[in-house]
Amino acid sequence: MTTEEAVQVFETRIVIETALLGKLAQRYNDTVAAALQDIVRAEGAAYDEGRIQDARHLSRSFHMEFGHHAGNQYMSRFLDDLINCQPLLLPFRDGKVSEFSGHALHIKTLGALARGDGEEAAHYNTELLNALQAEMLRDIRSAEVSGGSPPPP
């Protein structure tokens, strides 16, 4: 994935996920809450245990899962495709372990959804996607400088 492609994917994700979170806030119920909370708990445990790649896969699952529950199958499928075309963040860059985690913002997104506030949920999600984009662009540039490529999706 090039830097331009990454920027385009994140711009698109922000638009789609904002719409999905607005819809989901109106449909949010105990079943949806339980499914999303299970993912966020597992994500947190994976980070705590140092299983960074597992945590990042769970993070992707969180976004796909809320999309699946939002009530628009076409946006949800498109979101899945966008997420699946993105590489995972590198676990190491420049010899250091990556410290990026969206876990805290996932928790805040869940809280906003529980209050029925899709706008607030979208705000936290956009904050997360902007930070994730910045990290991914660093990974892509680092790979370009070293002559390699980021890991596949």
# chains A, B, ... in the order shown; residues from 1 in each chain; ligands from 1
>>> closest_atom_pairs(of="stretch 12-91 of chain A", to="stretch 101-108 of chain A", cutoff="9 Å", atoms="only C-alpha atoms", output="Markdown table")
| residue | atom | partner | partner_atom | distance |
| --- | --- | --- | --- | --- |
| A:Gln37 | CA | A:Ile107 | CA | 8.4 |
| A:Val40 | CA | A:His106 | CA | 7.0 |
| A:Glu43 | CA | A:His103 | CA | 7.0 |
| A:Gly44 | CA | A:His103 | CA | 6.4 |
| A:Tyr47 | CA | A:Ser101 | CA | 8.1 |
| A:Ile52 | CA | A:Ser101 | CA | 8.9 |
| A:Ala55 | CA | A:Ser101 | CA | 8.5 |
| A:Arg56 | CA | A:Ser101 | CA | 8.1 |
| A:Ser59 | CA | A:Gly102 | CA | 7.4 |
| A:Phe62 | CA | A:His106 | CA | 8.1 |
>>> residues_around(residues="A:Thr2", least_positions_apart="5", cutoff="12 Å", atoms="only C-alpha atoms", output="number ranges by chain")
A: 7-9, 85-87, 136-144, 149-150
>>> residues_around(residues="A:Asn72", least_positions_apart="6", cutoff="12 Å", atoms="only C-alpha atoms", output="list in words")
Ile16, Glu17, Ala19, Leu20, Leu21, Gly22, Lys23, Leu24, Arg27, Phe66, Phe78 and Leu79 of chain A
>>> closest_residue(among="A:Ala45, A:Leu36, A:Val15, A:Ile83", to="A:His123", atoms="only C-alpha atoms")
A:Val15
>>> atom_distance(atom1="atom CA of A:Gln26", atom2="atom CA of A:His69")
10.8 Å
>>> select_by_dssp(residues="stretch 61-130 of chain A", states="helix (DSSP H, G or I)", output="number ranges by chain")
A: 61-69, 73-85, 103-114, 118-130
